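Encoded as structure tokens, the structure appears first; notes follow it.
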Amino acid sequence: MLKYLSDLEIARSAVLQPIEKIAAKLGVDNDLIDSYGRYKAKISLSAADSIEKSSYGKLILVTAITPTPAGEGKTTTSIGLADALNRIGKKTTVCLREPSLGPCFGIKGGAAGGGYAQVVPMEEINLHFTGDFHAITSAHDLLAAVLDNHLHHGNSLGIDPRRIVWGRVLDLNDRALRHVVVGLGGTANSVPHESSFDITVASEVMAIFCLSESIFDLKEKLGQIIVAYAYDGKPVTATDLKCHGAMTALLKDAIRPNLVQTLEGNPAIVHGGPFANIAHGCNSVTATKTALKLSEYTVTEAGFGADLGAEKFLDIKCRKTGLSPNAVVIVATVRALKYHGGIELADLKTPNAAAVKAGFANLGKHIENMRQFGLPVVVAINVFPTDTDEETRTIERLCQQYGVRVALAEHWAKGGAGAENLAKVVVETVETEQANFKTIYSDDLPLLQKIETVAQKIYGADGVVADKKTLTKLKQFETLGFGHFPICIAKTQYSFSADPGLRGRPSGFNVPVRDVKISAGAGFVVALTGEVMTMPGLPKSPAAEHIDINEHGEIVGLF
């Protein structure tokens, strides 16, 4: 029986290049990087300015069909495509989000790729990395501490303890902390009030961190965070609490993009990490723009399916920064399409071209969605050993009916060499099809209509359902001057709908909006739908049970 090496075994067998050599491939001098050991570095925010180049390179956005338990391999495809583009002579950098410890110790795993398409050092990237998430957690919780301290020392701002909206965060899954009461134990312990914990990747500080373009832009945005409302109804901000300067100081080094490498020694910038199901799902603007300035091609990914990560990349990140992809790659697998076609997990290895055809409706909707944004689309079929020729040909034939280019990709097993055909198709698409990017809704549309637009045009819903309290909050946000903000919908990643059980391309449904929150610093309104949680819980048998240190001092059980 053929034995496959684990991701960790493959990563450990790689011969890594010193990080200075990776920086040199980008034309970045050693004095513009700070090394974190031999294979990681922080890049100066001024590194891109040192390159005599007036325009950006090409931007390729990698997204996927609606995720399934069978897996789609979006991050792996991003890395494999970047390696392949380098192999065919295109100077390319891959830009990825940083992994969160929550899913690492939970059920989803890390975010450094897999097989022979990984970024390394894999263990360090997945566990702590350069400390960015710790800095973001500390900055968020500093603001919470200063807020409670203000209440304790007289509350001169007149904050209503019943209207505090700033909780705490932790970069771990811990459902017991979703709803808490703080300040108990007497007058020495501040004013008792309800609070909560979100996972760090859901923090507004994370969103601000990823949308800021300089340290001063970061400070300004942090100052605009609304932490509570006063008794007179006016919002209280981090600037009012005089905390935004200290928060910026904690993030001074973290805001610099992280440079690592792929298994094939190509540059990889891994920076920032909001989840796409509960946040905006894109890596940092500083990382993306640095790569675009230093490379001919930049490959970046957006979290989960195109209805979440890609929509937010385009409607939030691109809207705010002027970025515009030259093409979108949608990753699909035979197994996942069979799952969307009604086949259960236990039977996905059984050949079934009819189920692939039935499940293609999901991929078809994602293709249509990306075209609504005016973007050329390429479908990447991430190949698995159990796929049959008939099944892959079914996908190719259906893609041709949609008039979209399609390519098989075997990067998991073969690295960049297995994705060269995909790379050639992407380059051909960029060179022959003009992107005419446009957002899906305008700034001046009322907030509720923005939510309805995404629900109807992207999800395929009939409409949205919201109670009077939620509608009142939306009107209040508009009265406060936030009506021009884009919206960030927190929704299950497992369906176009808010019901994770509805596979394929569901219809005849409404999206229930149960609450809305303002992220004034990040510059968007968050709409919470269905049962999606901003603090995930651990599964019955979490991955943490299998992670350990062996007798040689090596980590085991990590993928």
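Simple scheme: letters A, B, ... for chains in structure tokens order, numbers from 1 for residues in each chain, numbers from 1 for ligands in the order shown.
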
Query raised in the report: Any idea what's packed within 8 Å of Gln434 in chain A, counting only C-alpha atoms, ignoring anything in its chain fewer than 2 positions away? Could you give it as an NGL selection string?
Result: :A and (326 or 375-376 or 430-432 or 436)

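When the distance limit is 6 Å and only C-alpha atoms are what count, the residues near range 112-115 of chain A, minus those fewer than 3 positions from it on the same chain, are Asp7, Thr75, Thr76, Gln118, Val119 and Trp412 of chain A.
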
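Interatomic distance, CA of Gly281 in chain A to CA of Thr130 in chain A: 19.8 Å.
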
Closest atom pairs, residues of range 408-520 of chain A within 12 Å of range 206-218 of chain A, only C-alpha atoms, as JSON lines:
```
{"residue": "A:Cys488", "atom": "CA", "partner": "A:Ala207", "partner_atom": "CA", "distance": 10.8}
{"residue": "A:Ser519", "atom": "CA", "partner": "A:Ala207", "partner_atom": "CA", "distance": 8.8}
{"residue": "A:Ala520", "atom": "CA", "partner": "A:Ile208", "partner_atom": "CA", "distance": 9.6}
```

Requested in this report: Give the alpha helix (DSSP H) residues of range 435-547 of chain A, as assigned by DSSP on the backbone, as an NGL selection string.
Outcome: :A and (447-454 or 468-479)

Requested in this report: Choose the residue, out of A:Gly342, A:Pro18, A:Gly223, A:Pro235, that has the smallest atom-to-atom separation from Asp160 in chain A; count only C-alpha atoms.
Outcome: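 Of A:Gly342, A:Pro18, A:Gly223, A:Pro235, the one nearest Asp160 in chain A, counting only C-alpha atoms, is A:Pro235.
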
Requested in this report: For CA of Asp443 in chain A and CA of Ala306 in chain A, quote the distance in Å rounded to one decimal.
Outcome: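 Distance between the two atoms: 21.2 Å.
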
Requested in this report: Return the single residue from A:Ala23, A:Val511, A:Val464, A:Val379 that is closest to Glu531 in chain A, with distances computed using only C-alpha atoms.
Outcome: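 Of A:Ala23, A:Val511, A:Val464, A:Val379, the one nearest Glu531 in chain A, counting only C-alpha atoms, is A:Val511.
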